[in-house]
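Below is the file my_file.txt, which contains compact mmCIF, C-alpha atoms and all ligand atoms.
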```
# COMPACT_ATOMS: atom_id res chain seq x y z
CA MET A 1 -10.94 4.02 11.17
CA TYR A 2 -10.99 3.91 7.42
CA TYR A 3 -9.49 1.11 5.36
CA ALA A 4 -9.18 0.13 1.74
CA TYR A 5 -9.73 -3.42 0.54
CA LYS A 6 -8.80 -4.26 -3.01
CA TYR A 7 -10.06 -7.26 -4.95
CA ARG A 8 -9.84 -8.58 -8.44
CA LEU A 9 -12.97 -8.65 -10.54
CA LYS A 10 -13.71 -11.47 -12.93
CA PRO A 11 -15.86 -9.80 -15.57
CA SER A 12 -17.20 -11.68 -18.57
CA ASP A 13 -16.71 -10.18 -22.01
CA ALA A 14 -20.16 -8.62 -21.81
CA HIS A 15 -19.32 -7.19 -18.39
CA ARG A 16 -16.10 -5.72 -19.75
CA GLU A 17 -17.97 -3.99 -22.50
CA GLU A 18 -20.39 -2.49 -20.02
CA LEU A 19 -17.63 -1.46 -17.63
CA ASP A 20 -15.78 0.24 -20.46
CA ARG A 21 -18.94 1.94 -21.67
CA HIS A 22 -19.64 3.35 -18.21
CA ARG A 23 -16.05 4.37 -17.81
CA ASP A 24 -16.19 6.24 -21.09
CA ILE A 25 -19.42 8.04 -20.24
CA CYS A 26 -17.78 9.16 -16.98
CA ARG A 27 -14.76 10.32 -18.91
CA GLN A 28 -16.90 12.34 -21.29
CA LEU A 29 -18.76 13.87 -18.38
CA TYR A 30 -15.42 14.75 -16.80
CA ASN A 31 -14.22 16.45 -19.97
CA HIS A 32 -17.50 18.20 -20.54
CA THR A 33 -17.62 19.51 -16.97
CA LEU A 34 -14.02 20.62 -17.20
CA TYR A 35 -14.86 22.62 -20.31
CA ARG A 36 -17.86 24.22 -18.60
CA LEU A 37 -15.90 25.01 -15.48
CA ASN A 38 -13.05 26.65 -17.33
CA LYS A 39 -15.56 28.74 -19.24
CA TYR A 40 -17.33 29.76 -16.04
CA GLN A 41 -14.08 30.61 -14.36
CA ASN A 42 -12.99 32.80 -17.28
CA GLU A 43 -16.29 34.66 -17.24
CA HIS A 44 -16.75 35.03 -13.48
CA GLY A 45 -13.23 34.84 -12.17
CA GLU A 46 -14.16 32.09 -9.71
CA LEU A 47 -15.45 28.55 -9.55
CA PRO A 48 -19.18 27.88 -9.18
CA SER A 49 -20.21 26.12 -5.99
CA MET A 50 -20.27 22.38 -5.82
CA THR A 51 -24.04 22.35 -5.32
CA ALA A 52 -24.57 24.53 -8.37
CA LEU A 53 -22.40 22.20 -10.33
CA ARG A 54 -24.22 19.06 -9.24
CA SER A 55 -27.60 20.62 -9.92
CA LYS A 56 -26.68 20.86 -13.60
CA LEU A 57 -26.65 17.08 -13.95
CA PRO A 58 -30.42 16.58 -14.47
CA ASP A 59 -30.36 19.16 -17.28
CA LEU A 60 -27.50 17.40 -18.94
CA LYS A 61 -29.43 14.15 -18.90
CA LYS A 62 -32.20 15.75 -20.94
CA TRP A 63 -30.09 16.07 -24.05
CA TRP A 64 -27.27 13.64 -23.35
CA ASP A 65 -28.24 10.15 -24.46
CA GLY A 66 -26.48 7.55 -22.40
CA LEU A 67 -25.82 9.74 -19.41
CA SER A 68 -28.85 8.29 -17.64
CA ASP A 69 -27.43 4.82 -18.21
CA VAL A 70 -24.92 5.50 -15.46
CA TYR A 71 -25.98 5.44 -11.82
CA SER A 72 -26.56 9.03 -10.68
CA LYS A 73 -24.23 8.85 -7.65
CA VAL A 74 -21.43 7.73 -9.96
CA LEU A 75 -21.94 10.81 -12.11
CA GLN A 76 -21.90 12.97 -9.00
CA THR A 77 -18.57 11.57 -7.88
CA VAL A 78 -17.11 12.34 -11.33
CA VAL A 79 -18.13 15.97 -10.90
CA GLU A 80 -16.92 16.04 -7.30
CA ARG A 81 -13.57 14.57 -8.24
CA LEU A 82 -13.01 17.19 -10.90
CA PHE A 83 -14.17 19.95 -8.59
CA ASP A 84 -11.78 18.87 -5.85
CA ASN A 85 -8.91 18.70 -8.33
CA LEU A 86 -9.64 22.18 -9.60
CA LYS A 87 -9.98 23.60 -6.13
CA GLY A 88 -6.67 22.11 -5.13
CA LEU A 89 -5.14 23.62 -8.22
CA SER A 90 -6.48 27.12 -7.59
CA ALA A 91 -5.29 26.94 -4.00
CA LEU A 92 -1.81 26.22 -5.31
CA LYS A 93 -2.09 29.10 -7.77
CA GLU A 94 -3.17 31.52 -5.05
CA ASN A 95 -0.09 30.54 -3.12
CA GLY A 96 2.04 31.53 -6.04
CA TYR A 97 2.77 28.11 -7.52
CA GLY A 98 3.10 28.07 -11.26
CA VAL A 99 0.71 25.24 -12.02
CA GLY A 100 -0.93 24.55 -15.33
CA GLN A 101 -4.49 23.68 -16.11
CA LEU A 102 -6.27 20.39 -15.73
CA ASN A 103 -6.18 18.53 -18.99
CA TRP A 104 -8.81 16.91 -21.04
CA LYS A 105 -8.63 13.16 -20.37
CA PRO A 106 -8.04 10.72 -23.20
CA PRO A 107 -9.41 7.18 -22.65
CA ARG A 108 -6.09 5.78 -21.49
CA GLU A 109 -5.89 8.24 -18.64
CA PHE A 110 -9.37 7.87 -17.28
CA ARG A 111 -9.40 4.46 -15.66
CA SER A 112 -11.84 4.42 -12.81
CA PHE A 113 -15.21 5.46 -11.47
CA THR A 114 -16.72 5.36 -8.01
CA TYR A 115 -19.98 4.33 -6.39
CA SER A 116 -20.37 6.29 -3.19
CA GLN A 117 -22.81 5.50 -0.34
CA SER A 118 -25.28 3.56 -2.48
CA GLY A 119 -25.82 1.62 -5.67
CA PHE A 120 -23.45 -1.24 -4.90
CA LYS A 121 -23.32 -4.32 -2.73
CA LEU A 122 -21.67 -7.68 -2.35
CA ASP A 123 -24.02 -10.50 -3.13
CA LYS A 124 -24.18 -14.22 -3.78
CA LYS A 125 -25.43 -15.31 -7.16
CA GLY A 126 -25.25 -18.77 -8.63
CA GLY A 127 -22.87 -19.96 -5.94
CA GLN A 128 -20.36 -17.18 -6.39
CA THR A 129 -19.76 -13.80 -4.83
CA VAL A 130 -20.58 -10.89 -7.07
CA LEU A 131 -20.18 -7.17 -6.86
CA SER A 132 -23.60 -5.88 -7.74
CA LEU A 133 -23.34 -2.46 -9.39
CA SER A 134 -26.52 -0.51 -9.98
CA LYS A 135 -27.36 0.08 -13.67
CA LEU A 136 -24.29 -1.91 -14.61
CA ALA A 137 -24.03 -5.61 -13.79
CA ASP A 138 -23.38 -8.31 -11.19
CA ILE A 139 -19.68 -8.91 -11.64
CA PRO A 140 -17.98 -11.94 -10.11
CA ILE A 141 -15.36 -10.89 -7.58
CA ARG A 142 -12.52 -12.84 -5.98
CA LEU A 143 -12.71 -12.12 -2.25
CA HIS A 144 -9.29 -13.56 -1.42
CA ARG A 145 -9.58 -12.13 2.09
CA PRO A 146 -12.80 -11.40 3.91
CA ILE A 147 -14.01 -7.93 4.76
CA PRO A 148 -14.64 -7.89 8.54
CA ASP A 149 -18.28 -8.46 9.47
CA ASP A 150 -18.58 -5.26 11.48
CA ALA A 151 -17.25 -3.07 8.67
CA THR A 152 -19.46 -0.66 6.75
CA LEU A 153 -18.86 -0.38 3.03
CA LYS A 154 -18.74 3.31 2.24
CA GLN A 155 -17.80 3.27 -1.41
CA VAL A 156 -16.32 1.21 -4.17
CA THR A 157 -14.03 2.30 -6.96
CA VAL A 158 -13.73 0.08 -9.99
CA LYS A 159 -10.58 0.51 -11.98
CA LYS A 160 -9.14 -0.86 -15.17
CA GLU A 161 -5.42 -1.45 -14.98
CA PRO A 162 -3.20 -0.93 -18.05
CA THR A 163 -3.10 -4.74 -18.29
CA GLY A 164 -6.83 -4.76 -18.98
CA GLU A 165 -7.67 -6.31 -15.61
CA TRP A 166 -10.42 -4.80 -13.48
CA PHE A 167 -10.17 -4.27 -9.73
CA ALA A 168 -12.60 -3.11 -7.08
CA THR A 169 -11.36 -1.12 -4.10
CA PHE A 170 -13.74 -0.76 -1.18
CA GLY A 171 -13.57 2.15 1.18
CA VAL A 172 -14.48 0.56 4.48
CA GLN A 173 -15.38 2.15 7.78
CA MET A 174 -14.70 0.15 10.90
CA ASP A 175 -17.38 0.77 13.49
CA ARG A 176 -15.31 -0.33 16.42
CA GLU A 177 -12.29 1.58 17.55
CA PRO A 178 -9.02 -0.32 17.26
CA PRO A 179 -7.79 -1.80 20.56
CA GLU A 180 -5.55 0.33 22.75
CA PRO A 181 -1.91 -0.78 22.78
CA PRO A 182 -1.16 -2.63 26.05
CA GLU A 183 0.38 -0.66 28.91
CA THR A 184 2.89 -3.37 29.59
CA PRO A 185 3.72 -4.93 26.26
CA GLU A 186 5.09 -8.44 26.57
CA LYS A 187 6.22 -9.33 23.11
CA CYS A 188 8.47 -6.60 21.77
CA VAL A 189 10.66 -6.50 18.73
CA GLY A 190 13.19 -4.16 17.16
CA ILE A 191 13.60 -4.32 13.40
CA ASP A 192 16.62 -3.14 11.49
CA VAL A 193 15.77 -2.63 7.88
CA GLY A 194 19.02 -3.09 6.07
CA ILE A 195 20.45 -2.74 2.65
CA LEU A 196 21.91 -6.19 2.20
CA LYS A 197 19.23 -8.13 4.03
CA TYR A 198 15.70 -6.91 3.97
CA ALA A 199 15.05 -6.87 7.67
CA HIS A 200 16.70 -8.20 10.76
CA ASP A 201 14.92 -8.37 14.09
CA THR A 202 15.74 -8.92 17.73
CA ASP A 203 14.24 -12.41 17.68
CA GLY A 204 16.92 -13.48 15.28
CA THR A 205 14.72 -13.50 12.23
CA ALA A 206 16.39 -12.25 9.12
CA VAL A 207 14.13 -11.79 6.18
CA GLY A 208 15.84 -11.69 2.84
CA SER A 209 14.62 -9.40 0.16
CA LEU A 210 12.23 -10.94 -2.26
CA ASP A 211 13.85 -12.74 -5.16
CA LEU A 212 12.24 -11.28 -8.23
CA SER A 213 15.05 -11.93 -10.69
CA ASP A 214 12.89 -14.23 -12.85
CA GLU A 215 10.18 -11.62 -13.06
CA ARG A 216 12.70 -8.91 -13.87
CA GLU A 217 14.26 -11.01 -16.57
CA ARG A 218 10.89 -11.64 -18.12
CA LEU A 219 10.14 -7.92 -18.08
CA GLU A 220 13.40 -7.16 -19.86
CA ARG A 221 12.73 -9.83 -22.44
CA GLU A 222 9.26 -8.49 -23.18
CA GLN A 223 10.60 -4.95 -23.34
CA ARG A 224 13.21 -5.97 -25.89
CA LYS A 225 10.49 -7.58 -27.97
CA LEU A 226 8.44 -4.41 -27.75
CA SER A 227 11.32 -2.33 -29.08
CA ARG A 228 11.37 -4.46 -32.21
CA LYS A 229 7.68 -3.97 -32.99
CA GLN A 230 6.34 -1.33 -35.33
CA HIS A 231 5.04 1.48 -33.15
CA GLY A 232 1.25 1.70 -33.31
CA SER A 233 0.73 -1.68 -34.99
CA ASN A 234 -1.57 -4.37 -33.60
CA ASN A 235 1.39 -6.44 -32.53
CA TYR A 236 2.88 -3.44 -30.80
CA GLU A 237 -0.32 -2.95 -28.82
CA LYS A 238 -0.38 -6.63 -27.87
CA GLN A 239 3.24 -6.52 -26.75
CA ARG A 240 2.71 -3.25 -24.86
CA ARG A 241 0.04 -5.01 -22.86
CA ARG A 242 2.42 -7.87 -22.09
CA VAL A 243 4.99 -5.41 -20.77
CA ALA A 244 2.32 -3.77 -18.64
CA GLU A 245 1.43 -7.21 -17.23
CA CYS A 246 5.06 -7.79 -16.26
CA HIS A 247 5.18 -4.45 -14.48
CA ALA A 248 1.94 -5.18 -12.68
CA ASP A 249 3.18 -8.63 -11.67
CA LEU A 250 6.36 -7.19 -10.15
CA ARG A 251 4.48 -4.47 -8.36
CA ARG A 252 1.93 -6.91 -6.98
CA LYS A 253 4.53 -9.37 -5.71
CA ARG A 254 6.58 -6.64 -4.07
CA ARG A 255 3.55 -5.16 -2.38
CA ASP A 256 2.21 -8.52 -1.34
CA PHE A 257 5.53 -9.31 0.31
CA LEU A 258 5.53 -6.02 2.23
CA HIS A 259 1.91 -6.55 3.25
CA LYS A 260 2.64 -9.99 4.64
CA LEU A 261 5.79 -8.93 6.42
CA SER A 262 4.15 -5.93 8.07
CA ALA A 263 1.05 -7.93 9.00
CA TYR A 264 3.28 -10.53 10.66
CA TYR A 265 4.99 -8.00 12.91
CA ALA A 266 1.79 -6.10 13.74
CA ARG A 267 -0.03 -9.29 14.73
CA GLU A 268 2.71 -11.16 16.52
CA TYR A 269 4.00 -8.37 18.73
CA ASP A 270 2.77 -5.85 21.30
CA LEU A 271 5.48 -3.36 20.44
CA VAL A 272 7.41 -2.84 17.24
CA ALA A 273 10.39 -0.48 17.11
CA VAL A 274 11.92 0.68 13.84
CA GLU A 275 14.23 3.44 12.71
CA ASP A 276 12.70 6.76 11.77
CA LEU A 277 13.15 6.74 8.06
CA ASN A 278 12.94 10.49 7.59
CA VAL A 279 15.99 10.96 9.75
CA LYS A 280 17.72 7.94 8.34
CA GLY A 281 17.06 9.05 4.77
CA MET A 282 18.66 12.41 5.50
CA MET A 283 21.67 10.82 7.10
CA GLU A 284 22.33 8.39 4.32
CA SER A 285 21.26 10.69 1.47
CA PRO A 286 20.24 7.88 -0.81
CA SER A 287 21.96 7.69 -4.13
CA ASN A 288 20.03 6.49 -7.15
CA SER A 289 20.82 2.86 -6.59
CA ARG A 290 19.37 3.05 -3.12
CA ASN A 291 16.23 4.94 -4.02
CA THR A 292 14.31 1.80 -4.78
CA ALA A 293 15.29 0.26 -1.49
CA SER A 294 14.34 3.36 0.40
CA ALA A 295 10.99 3.52 -1.39
CA ALA A 296 10.34 -0.05 -0.31
CA TRP A 297 11.22 0.82 3.31
CA ARG A 298 8.86 3.73 3.19
CA THR A 299 6.06 1.50 1.99
CA PHE A 300 6.95 -1.14 4.55
CA LEU A 301 6.94 1.34 7.42
CA SER A 302 3.69 3.00 6.41
CA LEU A 303 2.00 -0.40 6.09
CA LEU A 304 3.48 -1.44 9.42
CA GLU A 305 2.30 1.73 11.11
CA TYR A 306 -1.33 1.45 10.09
CA LYS A 307 -1.43 -2.27 10.77
CA CYS A 308 -0.01 -1.73 14.25
CA LYS A 309 -2.69 0.86 14.85
CA ARG A 310 -5.34 -1.57 13.71
CA GLU A 311 -4.05 -4.41 15.88
CA GLY A 312 -3.41 -2.31 18.97
CA THR A 313 0.36 -2.67 18.77
CA HIS A 314 2.81 0.03 19.81
CA PHE A 315 4.62 1.41 16.78
CA VAL A 316 7.75 3.41 17.66
CA ALA A 317 10.06 5.11 15.21
CA VAL A 318 13.38 5.95 16.84
CA ASN A 319 16.33 8.11 15.97
CA PRO A 320 18.64 5.91 13.91
CA ARG A 321 21.80 7.84 14.74
CA GLY A 322 24.53 5.45 15.75
CA THR A 323 22.40 2.32 16.05
CA THR A 324 25.01 0.27 14.22
CA LYS A 325 27.97 1.76 16.07
CA GLU A 326 26.63 1.47 19.56
CA CYS A 327 27.08 -1.76 21.51
CA ALA A 328 23.70 -3.25 22.46
CA SER A 329 25.19 -4.72 25.59
CA CYS A 330 27.24 -1.90 27.14
CA GLY A 331 26.38 1.14 25.03
CA VAL A 332 29.94 1.99 23.97
CA SER A 333 30.26 3.33 20.42
CA THR A 334 32.83 2.05 17.96
CA GLU A 335 33.41 3.06 14.36
CA LYS A 336 32.22 0.40 11.97
CA PRO A 337 32.48 0.71 8.19
CA LEU A 338 29.68 -0.82 6.14
CA TRP A 339 31.68 -3.87 5.13
CA VAL A 340 32.18 -4.99 8.71
CA ARG A 341 29.32 -7.40 9.17
CA GLU A 342 30.04 -8.40 12.75
CA HIS A 343 29.73 -6.41 15.89
CA SER A 344 32.52 -7.13 18.34
CA CYS A 345 32.68 -4.79 21.29
CA PRO A 346 36.21 -3.77 22.36
CA SER A 347 34.82 -2.65 25.70
CA CYS A 348 32.67 -5.57 26.92
CA GLY A 349 33.44 -8.27 24.40
CA PHE A 350 29.85 -8.63 23.22
CA GLU A 351 29.67 -10.20 19.77
CA ALA A 352 26.77 -10.27 17.39
CA ASP A 353 25.79 -9.86 13.82
CA ARG A 354 25.98 -6.20 12.86
CA ASP A 355 22.27 -5.97 12.03
CA ALA A 356 21.18 -7.92 15.10
CA ASN A 357 23.15 -5.52 17.28
CA ALA A 358 21.46 -2.61 15.53
CA ALA A 359 18.04 -4.21 16.00
CA TRP A 360 18.68 -4.49 19.75
CA ASN A 361 19.60 -0.83 19.92
CA ILE A 362 16.48 0.09 18.02
CA LEU A 363 14.37 -1.91 20.46
CA SER A 364 16.07 -0.28 23.46
CA ARG A 365 15.43 3.18 22.09
CA GLY A 366 11.84 2.25 21.25
CA LEU A 367 11.15 1.06 24.79
CA GLU A 368 12.75 4.16 26.19
CA LYS A 369 10.71 6.40 23.92
CA VAL A 370 7.38 4.77 24.73
CA GLY A 371 8.33 4.61 28.40
CA VAL A 372 6.12 1.61 28.96
CA GLY A 373 5.96 -0.86 31.77
CA TYR A 374 9.32 -0.46 33.44
CA SER A 375 9.51 -3.17 36.05
CA GLU A 376 12.09 -4.60 38.36
CA SER A 377 10.53 -8.02 38.17
CA THR A 378 12.76 -10.68 36.79
CA SER A 379 10.14 -12.65 34.93
CA SER A 380 12.03 -14.35 32.19
CA GLU A 381 9.46 -13.33 29.62
CA SER A 382 9.46 -9.61 30.26
CA ARG A 383 12.50 -8.93 28.20
CA CYS A 384 10.99 -5.72 26.99
CA ASP A 385 10.45 -4.02 30.29
CA SER A 386 13.20 -1.55 29.60
CA ASP A 387 16.41 -1.09 27.76
CA VAL A 388 18.23 -1.62 31.01
CA ARG A 389 16.63 -5.01 31.30
CA THR A 390 17.29 -5.75 27.66
CA ARG A 391 20.96 -5.14 28.22
CA ALA A 392 20.91 -7.08 31.44
CA ALA A 393 19.30 -10.00 29.69
CA LEU A 394 21.85 -9.81 26.97
CA SER A 395 24.87 -9.68 29.19
CA SER A 396 23.64 -12.40 31.52
CA THR A 397 22.98 -14.84 28.71
CA PRO A 398 25.70 -16.52 26.76
CA VAL A 399 26.05 -14.65 23.52
CA GLU A 400 25.35 -17.72 21.44
CA THR A 401 21.89 -18.21 22.86
CA ALA A 402 21.01 -14.57 23.26
CA LEU A 403 21.33 -14.06 19.56
CA PRO A 404 20.77 -17.24 17.65
CA VAL A 405 22.73 -17.73 14.50
CA ASP A 406 20.42 -16.40 11.88
CA THR A 407 19.27 -18.47 9.05
CA PRO A 408 17.55 -16.24 6.58
CA VAL A 409 13.88 -17.09 6.55
CA SER A 410 11.89 -16.89 3.41
CA ALA A 411 8.93 -14.53 3.38
CA LYS A 412 6.63 -17.53 3.07
CA ARG A 413 7.71 -19.03 6.36
CA VAL A 414 7.39 -15.77 8.18
CA VAL A 415 3.83 -15.45 7.08
CA GLU A 416 2.82 -18.93 8.06
CA ALA A 417 4.10 -18.31 11.55
CA GLY A 418 0.64 -17.29 12.59
CA SER A 419 -1.77 -15.05 10.83
CA PRO A 420 -5.39 -16.05 11.21
CA THR A 421 -6.53 -14.69 7.88
CA LEU A 422 -3.81 -16.54 6.09
CA LYS A 423 -4.81 -19.78 7.69
CA LYS A 424 -8.36 -19.06 6.70
CA ARG A 425 -7.21 -18.28 3.21
CA THR A 426 -5.35 -21.53 2.88
CA ALA A 427 -8.30 -23.38 4.31
CA SER A 428 -10.68 -21.85 1.85
CA ALA A 429 -8.23 -22.43 -0.98
CA VAL A 430 -8.26 -26.10 -0.11
CA SER A 431 -12.03 -26.27 0.02
CA GLU A 432 -12.40 -24.61 -3.36
ZN ZN A 501 29.95 -3.52 24.66
```

Turn this file's structure into C-alpha cells for me.
Ligand SMILES: [Zn+2]
Amino acid sequence: MYYAYKYRLKPSDAHREELDRHRDICRQLYNHTLYRLNKYQNEHGELPSMTALRSKLPDLKKWWDGLSDVYSKVLQTVVERLFDNLKGLSALKENGYGVGQLNWKPPREFRSFTYSQSGFKLDKKGGQTVLSLSKLADIPIRLHRPIPDDATLKQVTVKKEPTGEWFATFGVQMDREPPEPPETPEKCVGIDVGILKYAHDTDGTAVGSLDLSDERERLEREQRKLSRKQHGSNNYEKQRRRVAECHADLRRKRRDFLHKLSAYYAREYDLVAVEDLNVKGMMESPSNSRNTASAAWRTFLSLLEYKCKREGTHFVAVNPRGTTKECASCGVSTEKPLWVREHSCPSCGFEADRDANAAWNILSRGLEKVGVGYSESTSSESRCDSDVRTRAALSSTPVETALPVDTPVSAKRVVEAGSPTLKKRTASAVSE
C-alpha cells in the first residue's frame, strides 16, 4: 500500500533562499519544456516520447547555467509531470472535450518540486532530524508523527504554501500487506453523520462539529483589513499573506479534526458502518449551505475508508434510504420531519435520539451487507453478530441503558480514548 506523510519543514533564511532558487529553476525548466513541446507538437502533430524528452536534459545543461545546480532526478520529474499533464490533456481532446492549452507558469503557481527514488533521506544532524536533499541542503523537519520503520520512502515533494511555509510530503510504500479484517468482528459501530451534530454512533458517542468561530472571525477581520489596503503595495502583500495564513489555519484544523476522528474509529473497531454518501448526496440534493458539510463528510469518509483498510477494519457503506424513519428495534417505518429530534416508535414503543436510532440502523445494514460472523451464541459482547441480534439486544435491554444519554464529546476526548501514536506524540512532546 501507498501512503502520504506530510511534515512541516523548518528552513533557515539561507535554506529558504535555496529552496526558492531550486523551485524557480524547476519552473523555468517547466516553461521551457512546455514551449519546446508545443513547438514539436505543431510541427509533427504528436508528442515526442518521454524518453526522447528526458534525453534532451544533458544538452540543456550545456548552455543553461544553474540547471546543473538542481539534482538530476528532480529535473526529470519536472519533465515527467509536464508530459503527463499534456498527455492527459490530449486524451481529453481526442475524446472531444474542448480543453485549452497548458499555460506558462508564473512563480506564484509553481510551488513544488519532487525528489523521486533517490537524492533525499531523513537524517540526524546536530541533535535534530533533517531532510537531507541532494544539491540543496539539510533542512530541519518536524516529524510530529513517526514514519513506520518498515516503510520505504519512495519520493518526497517539497512545497511552498501561499503562507510562505514549506512542507515535505513523503510518498511511502508499506512493505507488509495490511491485516485482513477479522471474520467475526467483535467491536462494531454504526456512525450517523448528521447535519446538526457532526457524528453520532451506536456507542452513544456524539461528536460535535469543530468550533472554529474564532478562526473564522479572525479571517474575516484580516480580509476586511486587506480590502482597505492599496492593491499591489507592500502592505497589501503583507496583509494578503496574513489572510492566506488564516485560510491555511482553518484548513489545517478542519483536516486535523477529521484525521483524528477517522483514526479513532479505524483503530478502535473491527467494523465500521456508515451511510453511502453518493446515494445520500443524491437523495438530499445539497443546497449551497450544505455543500461545505457534505464536502467534510466526503473527506471524513475517504479518510475513514483508507484508515480502515490500513488497520484491517471492515468498512461498510450502506444504503441510507430510510435510516432515520425506520425503527432500530422493530423495523417499522414512521414519517419523521427533520425537526423531530427523538425517535419514538408507535409500534413497539422504542425511544431513542433520532441520530442514535439512525446509527443503529446503519450498523444493522452494515452487518447484513458484510454478512460476517452470524452466531446464535448469546455472549454478551457479540452485539454485532447480526442485525437480528442487535435488535434483540436492544429490545431486551431497558432503553435507558441500551442507548445512554449522549453528552457531546469534544474531539479532543475522542482522540485520547486510545491511539498509540497520539500517546507517543504526547510523550515525546513532554520530553522535548
Ligand atoms: Zn419499533

Taking only C-alpha atoms and all ligand atoms into account, list the residues no farther than 7 Å from ligand ZN 501 (chain A), as a PyMOL selection string. chain A and resi 327-332+345-350

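Distance annotation: of A:His22, A:Arg142, A:Lys87, A:His314, the residue with the minimal separation from A:Ser112 is A:His22; atom set is only C-alpha atoms.
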
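If all atoms listed in the file are the atoms counted, then among A:Leu9, A:Cys246, A:Val189, A:Met1 the closest residue to A:Leu212 is A:Cys246.
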
By how many Å are atom CA of A:Ala359 and atom CA of A:Arg251 apart?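 Atom-to-atom, atom CA of A:Ala359 to atom CA of A:Arg251, that is 27.9 Å.
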
Around (4.6, -4.5, 16.9), as given in the file, which residues come within 9 Å? Count all atoms listed in the file and list them as a compact mmCIF listing (two decimals) with C-alpha atoms, keeping the file's coordinate frame.
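Contents of out37.txt, as written:
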```txt
# COMPACT_ATOMS: atom_id res chain seq x y z
CA LYS A 187 6.22 -9.33 23.11
CA CYS A 188 8.47 -6.60 21.77
CA VAL A 189 10.66 -6.50 18.73
CA GLY A 190 13.19 -4.16 17.16
CA SER A 262 4.15 -5.93 8.07
CA TYR A 264 3.28 -10.53 10.66
CA TYR A 265 4.99 -8.00 12.91
CA ALA A 266 1.79 -6.10 13.74
CA ARG A 267 -0.03 -9.29 14.73
CA GLU A 268 2.71 -11.16 16.52
CA TYR A 269 4.00 -8.37 18.73
CA ASP A 270 2.77 -5.85 21.30
CA LEU A 271 5.48 -3.36 20.44
CA VAL A 272 7.41 -2.84 17.24
CA ALA A 273 10.39 -0.48 17.11
CA LEU A 304 3.48 -1.44 9.42
CA GLU A 305 2.30 1.73 11.11
CA LYS A 307 -1.43 -2.27 10.77
CA CYS A 308 -0.01 -1.73 14.25
CA GLU A 311 -4.05 -4.41 15.88
CA GLY A 312 -3.41 -2.31 18.97
CA THR A 313 0.36 -2.67 18.77
CA HIS A 314 2.81 0.03 19.81
CA PHE A 315 4.62 1.41 16.78
CA VAL A 316 7.75 3.41 17.66
```

Gap from atom CA of A:Ser213 to atom CA of A:Glu161 - Å, one decimal: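 Between atom CA of A:Ser213 and atom CA of A:Glu161 the gap works out to 23.4 Å.
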
In Å and to one decimal, atom CA of A:Thr202 is distant from atom CA of A:Pro179 by 24.7 Å

Find, counting all atoms listed in the file, the residue in A:Leu19, A:Ala14, A:Ile362, A:Ala4 that gets nearest to A:Leu153.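 Of A:Leu19, A:Ala14, A:Ile362, A:Ala4, the one nearest A:Leu153, counting all atoms listed in the file, is A:Ala4.
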
Within 8 Å of (-21.0, 12.6, -15.4) (coordinates as in the file), grab all the protein and nucleic acid residues, counting all atoms listed in the file, and write them out as a PyMOL selection string. chain A and resi 25-30+33+57+67+74-79

Dump of C-alpha atoms for the selected residues, as a JSON list (two decimals), in the coordinates of the input:
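Contents of out.json, as written:
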```
[["chain", "number", "residue", "atom", "x", "y", "z"],
["A", 25, "ILE", "CA", -19.42, 8.04, -20.24],
["A", 26, "CYS", "CA", -17.78, 9.16, -16.98],
["A", 27, "ARG", "CA", -14.76, 10.32, -18.91],
["A", 28, "GLN", "CA", -16.90, 12.34, -21.29],
["A", 29, "LEU", "CA", -18.76, 13.87, -18.38],
["A", 30, "TYR", "CA", -15.42, 14.75, -16.80],
["A", 33, "THR", "CA", -17.62, 19.51, -16.97],
["A", 57, "LEU", "CA", -26.65, 17.08, -13.95],
["A", 67, "LEU", "CA", -25.82, 9.74, -19.41],
["A", 74, "VAL", "CA", -21.43, 7.73, -9.96],
["A", 75, "LEU", "CA", -21.94, 10.81, -12.11],
["A", 76, "GLN", "CA", -21.90, 12.97, -9.00],
["A", 77, "THR", "CA", -18.57, 11.57, -7.88],
["A", 78, "VAL", "CA", -17.11, 12.34, -11.33],
["A", 79, "VAL", "CA", -18.13, 15.97, -10.90]]
```

Within 12 Å of A:Asp214, counting only C-alpha atoms, which residues show up once you throw out same-chain ones fewer than 5 positions away? Write them as a VMD selection string, please. chain A and resid 219 to 221 246 249 to 250

All residues 10 Å or closer to A:Tyr236, only C-alpha atoms, same chain fewer than 6 positions away omitted, as a ChimeraX atom specification: /A:225-230,242

Tell me which of A:Leu47, A:Ala352, A:Leu301, A:Leu53 sits closest to A:Ala199, counting all atoms listed in the file.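 Using all atoms listed in the file, the shortest distance to A:Ala199 belongs to A:Leu301.
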
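Using all atoms listed in the file, the shortest contact distance between A:Leu131 and any of A:Arg16, A:Tyr7, A:Leu210, A:Glu94 is found at A:Tyr7.
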
Please provide as a PyMOL selection string all residues within 8 Å of A:Glu275, with the sequence filter that same-chain residues fewer than 6 positions apart are discarded (counting only C-alpha atoms). chain A and resi 191-193+317-320+362

Since the input is missing atoms, can you rebuild N, CA and C atoms for stretch 124-130 of chain A and write them as a PDB file, keeping the file's coordinate frame?
```pdb
ATOM      1  N   LYS A 124     -24.461 -12.867  -3.290  1.00  0.00           N
ATOM      2  CA  LYS A 124     -24.180 -14.220  -3.780  1.00  0.00           C
ATOM      3  C   LYS A 124     -25.140 -14.507  -4.926  1.00  0.00           C
ATOM      4  N   LYS A 125     -24.574 -14.926  -6.040  1.00  0.00           N
ATOM      5  CA  LYS A 125     -25.430 -15.310  -7.160  1.00  0.00           C
ATOM      6  C   LYS A 125     -24.846 -16.534  -7.833  1.00  0.00           C
ATOM      7  N   GLY A 126     -25.710 -17.546  -7.966  1.00  0.00           N
ATOM      8  CA  GLY A 126     -25.250 -18.770  -8.630  1.00  0.00           C
ATOM      9  C   GLY A 126     -24.012 -19.357  -7.989  1.00  0.00           C
ATOM     10  N   GLY A 127     -23.976 -19.325  -6.658  1.00  0.00           N
ATOM     11  CA  GLY A 127     -22.870 -19.960  -5.940  1.00  0.00           C
ATOM     12  C   GLY A 127     -21.588 -19.169  -5.926  1.00  0.00           C
ATOM     13  N   GLN A 128     -21.585 -17.966  -6.484  1.00  0.00           N
ATOM     14  CA  GLN A 128     -20.360 -17.180  -6.390  1.00  0.00           C
ATOM     15  C   GLN A 128     -20.645 -15.765  -5.884  1.00  0.00           C
ATOM     16  N   THR A 129     -19.609 -15.155  -5.342  1.00  0.00           N
ATOM     17  CA  THR A 129     -19.760 -13.800  -4.830  1.00  0.00           C
ATOM     18  C   THR A 129     -19.666 -12.814  -5.985  1.00  0.00           C
ATOM     19  N   VAL A 130     -20.607 -11.890  -6.007  1.00  0.00           N
ATOM     20  CA  VAL A 130     -20.580 -10.890  -7.070  1.00  0.00           C
ATOM     21  C   VAL A 130     -20.618  -9.497  -6.465  1.00  0.00           C
TER      22      VAL A 130
END
```
